[in-house]
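S.K.: Take a look at the following structure, please.
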Amino acid sequence: LIVAMIVHFRIPVLRQLCRVYIELFRNTPYLLWIFICVVFCPCPGFFARKMFGLTSVEMKLLFKAALALILFNSSVIAEIVRGGIISIDKGQFEGAMSIGMTHSQTMLKVIIPQVMRNILPSVSNEFVINIKDTSVLNVIGVTELYYFAGIIKRQSFETFQTYLVVCVIYFILTFTITRLLRWVERKLDGGDSYVIFGSQSDSAAEIRISREES
């Protein structure tokens with residue numbers, strides 16, 4: 001969100017840096033950044049120890065893989081957010097300014113809520129892609145679902161059955177997340193009807209509007 005706002009509002013110097021970051025990560029493979037993070041990025045001492053049943057080496061790999069995932073997908077989501085800001089009509093900005101709202105108030109109370117609703121489908125899709133892309137992490141030895149599937153396959157020699165189970169697990173994960181985010185979308189849509197008050201002094205002066213009428 002911060003990166004998208006810096007790029008959209010053309011903050012000097014920071015805008016150029018953010019554009020370089022976005023273009024660099026969006027136009028290069030995700031797997032490349034996994035290897036770069038594993039080889040060149042240092043791991044804080046807090047993660048370089050045994051935790052959650054994982055060895056210190058596995059924790060280091062997990063941290064670096066998560067770092068690559070965050071850096072790569074932040075660049076994609078930044079562009080999604082910027083597109084959401086662009087989609088808001090300029091009249092929204094002008095209307096907020098005309099009633100005395102500051103720029104920060106306009107963004108927080110008028111623009112950002114609409115942007116979040118507009119970009120939610122795209123962000124939801126990106127979130128589902130991220131879940132599926134975690135299978136790529138097995139190439140660096142991160143002990144995720146696909147990695148364990150390979151171990152089980154080599155021990156049992158039941159390739160089809162093993163990967164069928166993996167497929168079902170991924171489907172359950174992504175389908176559950178998709179349904180949950182669709183529910184959030186419906187909540188953000190609001191109710192089926194709402195009231196517009198035509199007068200600040202007369203509470204009876206109101207207009208009721210239903211979704212079908214609008």
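We name chains A, B, ... following the order of the structure tokens; residues begin at 1 in each chain, and ligands are numbered from 1 as shown.
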Got a sec: who's within 10 Å of Val110 of chain A, counting only C-alpha atoms, leaving out chain neighbours fewer than 4 positions off, as a ChimeraX atom specification?
M.R.: /A:88,92-93,95-96,101,104-106,114-115
S.K.: List every residue of segment 20-157 of chain A that DSSP, applied to the backbone, labels as alpha helix (DSSP H), and write the result as JSON, numbers by chain.
M.R.: {"A": [20, 21, 22, 23, 24, 25, 26, 30, 31, 32, 33, 34, 35, 36, 37, 38, 39, 40, 56, 57, 58, 59, 60, 61, 62, 63, 64, 65, 66, 67, 68, 69, 70, 71, 72, 73, 74, 75, 76, 77, 78, 79, 80, 81, 82, 83, 84, 85, 86, 87, 90, 91, 92, 93, 94, 95, 96, 97, 98, 103, 104, 105, 106, 112, 113, 114, 115, 116, 117, 118, 119, 120, 121, 122, 123, 124, 125, 126, 127, 128, 129, 130, 131, 132, 133, 145, 146, 147, 148, 149, 150, 151, 152, 153, 154, 155, 156]}
S.K.: Restricting the calculation to only C-alpha atoms, which member of A:Phe25, A:Phe171, A:Tyr30, A:Trp183 is positioned closest to Leu120 of chain A?
M.R.: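 Checking each of A:Phe25, A:Phe171, A:Tyr30, A:Trp183 against Leu120 of chain A, counting only C-alpha atoms, the winner is A:Trp183.
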S.K.: Leaving out Val76 of chain A and any residue of its chain fewer than 6 positions from it, which residues lie within 9 Å of it when counting only C-alpha atoms, given as a PyMOL selection string?
M.R.: chain A and resi 22+25-26+126
S.K.: So the first atom is atom CA of Ala68 of chain A and the second is atom CA of Thr174 of chain A; what is the distance between them in Å, to one decimal place?
M.R.: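 About the pair atom CA of Ala68 of chain A and atom CA of Thr174 of chain A: they are 21.0 Å apart.
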S.K.: What separation in Å, quoted to one decimal, exists between atom CA of Tyr147 of chain A and atom CA of Ser135 of chain A?
M.R.: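 Distance reported for this atom pair: 7.6 Å.
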S.K.: Tell me which of A:Leu71, A:Ile111, A:Ile99, A:Met59 sits closest to Ile86 of chain A, counting only C-alpha atoms.
M.R.: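 Smallest separation from Ile86 of chain A among the options: A:Ile111.
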S.K.: Select, from A:Lys187, A:Asp89, A:Pro12, A:Ser74, the residue with the minimum atom-to-atom distance to Leu24 of chain A, counting only C-alpha atoms.
M.R.: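 Using only C-alpha atoms, Leu24 of chain A sits closest to A:Ser74.
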S.K.: Rank A:Ile172, A:Ile131, A:Val184, A:Leu67 by their smallest atom-to-atom distance to Cys41 of chain A, using only C-alpha atoms, and report the top residue only.
M.R.: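 Counting only C-alpha atoms, the residue closest to Cys41 of chain A is A:Leu67.
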S.K.: For atom CA of Arg179 of chain A and atom CA of Ile70 of chain A, quote the distance in Å rounded to one decimal.
M.R.: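 Separation of atom CA of Arg179 of chain A and atom CA of Ile70 of chain A: 23.4 Å.
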S.K.: Nearest to Asp133 of chain A among A:Phe157, A:Tyr170, A:Phe63, A:Phe35, with distances taken over only C-alpha atoms: which residue is it?
M.R.: A:Tyr170
S.K.: Counting only C-alpha atoms, figure out which residue out of A:Glu79, A:Cys43, A:Tyr146, A:Ile34 gets nearest to Tyr21 of chain A.
M.R.: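 Among the listed residues, A:Glu79 lies closest to Tyr21 of chain A.
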S.K.: If we count only C-alpha atoms and set the cut-off at 10 Å, which residues sit around Leu137 of chain A, ignoring sequence neighbours fewer than 3 positions away in its own chain? Please answer as a PyMOL selection string.
M.R.: chain A and resi 31+34-35+61-62+65-66+69+133-134+140-147
